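What follows is one structure encoded as structure tokens, with my remarks underneath.
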Amino acid sequence: MKIRKFNSENEELIDLLCSNLWPFHVKVQLGPETIKKAIEKGYYSEGRETFWIIENEQKVGILIIEDIEDTIPLFDLRLTEKARGKGIGQKSLKWLKDYLYSKKGKIRIEGYTRADNLAMRKCFTKAGFVKEGYLRNAWENEDGSISDTVLYASIFDDWKDNITTPIKLDEVPY
């Protein structure tokens, strides 16, 4: 697997995003006009870094690091339907940690997913992220329904020392 910076390959981005379904994102199906407008507004570059995920010389996903100037960035990871379930997400998250901690000096990385996205939750865990929160009714879906959300995070000190620090969520009962 390789990860390479997005360099205005707009048609390929439109094709990847519009030819796949994204069942655990707010919008399940994206249209070309939506992506074109986002590109024009600088969504994939201004305040963000976007990367291609490449497997066997094929672009199989994108990784968008949001709030890139903050010490605690968020991200969006999307893999094509054919690429899911093959360990690529886990490898991408490990690359993300290495990149943000060693090259960008970040102190923490956060990621959110719908509670019913068990594949992504496993991916987070296998990549060394820690489940830190369960947010009830915190994800608004395009169809008007509301889902629970789970927060996962990685911290620099854990990455540096190759450990996992347990959270203290229940240390105080209130």
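Scheme for the structure tokens: letters A, B, ... for chains in order shown; per-chain residue numbers from 1; ligand numbers from 1 in order shown.
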
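Per DSSP on the backbone, strand (DSSP E or B) in stretch 60-96 of chain A comprises Val60, Gly61, Ile62, Leu63, Ile64, Ile65, Glu66, Leu74, Phe75, Asp76, Leu77, Arg78 and Leu79 of chain A.
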
Applying 6 Å and only C-alpha atoms, which residues near stretch 5-17 of chain A remain after dropping the ones on its own chain fewer than 4 positions away? List them as an mmCIF file with N, CA and C atoms, in the first residue's frame.
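Result went into around-v4.cif, see below:
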data_model
loop_
_atom_site.group_PDB
_atom_site.id
_atom_site.type_symbol
_atom_site.label_atom_id
_atom_site.label_comp_id
_atom_site.auth_asym_id
_atom_site.auth_seq_id
_atom_site.Cartn_x
_atom_site.Cartn_y
_atom_site.Cartn_z
ATOM 1 N N PRO A 32 -21.535 14.164 -8.809
ATOM 2 C CA PRO A 32 -20.398 14.917 -9.355
ATOM 3 C C PRO A 32 -20.458 16.415 -9.058
ATOM 4 N N THR A 50 -5.105 16.279 1.680
ATOM 5 C CA THR A 50 -5.804 15.123 1.132
ATOM 6 C C THR A 50 -4.789 14.184 0.491
ATOM 7 N N PHE A 51 -4.964 12.887 0.744
ATOM 8 C CA PHE A 51 -4.049 11.879 0.241
ATOM 9 C C PHE A 51 -4.818 10.761 -0.445
ATOM 10 N N TRP A 52 -4.217 10.221 -1.496
ATOM 11 C CA TRP A 52 -4.727 9.021 -2.146
ATOM 12 C C TRP A 52 -4.221 7.809 -1.388
#

Query raised in the report: Pick from A:Gly128, A:Val172, A:Arg114, A:Ser145: nearest to A:Trp95, with only C-alpha atoms counted?
Result: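 Answer, going by the shortest atom-to-atom distance: A:Gly128.
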
Query - stretch 57-64 of chain A environment, 9 Å, only C-alpha atoms, sequence neighbours closer than 4 positions dropped, as a list in words - result: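 Listing them by chain and then by number gives Met1, Lys2, Ile3, Phe6, Glu12, Leu13, Leu16, Leu17, Tyr44, Arg48, Glu49, Thr50, Phe51, Trp52, Ile53, Leu74, Phe75, Asp76, Leu77, Arg78, Leu79, Thr80, Glu81, Lys82, Ala83, Ser92 and Leu96 of chain A.
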
Query raised in the report: Which distance in Å separates atom CA of A:Lys36 and atom CA of A:Arg4, to one decimal?
Result: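 One can read the atom CA of A:Lys36 to atom CA of A:Arg4 distance as 21.0 Å.
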
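Residues in contact with A:Lys160 at 12 Å, where only C-alpha atoms are counted and same-chain residues fewer than 2 positions away are skipped, are listed as A:Lys97, A:Asp98, A:Leu100, A:Tyr101, A:Ser102, A:Gly105, A:Lys106, A:Ile107, A:Arg108, A:Ser154, A:Ile155, A:Phe156, A:Asp157, A:Asp158, A:Asn162, A:Ile163, A:Thr164, A:Thr165.
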
Report task. Using only C-alpha atoms, determine which residues lie at most 7 Å from A:Tyr134, disregarding the query and same-chain residues fewer than 5 positions distant; provide the list as a count of residues only. Result -> 3

Query raised in the report: Which residue gives the smallest distance to A:Trp139 among A:Leu21, A:Leu93, A:Leu30, A:Ala115, with only C-alpha atoms counted?
Result: A:Ala115

Query raised in the report: Out of A:Ile146, A:Trp159, A:Tyr43, A:Thr113, which residue has the shortest atom-to-atom distance to A:Lys94 when counting only C-alpha atoms?
Result: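 Looking only at the distances to A:Lys94, the closest residue turns out to be A:Trp159.
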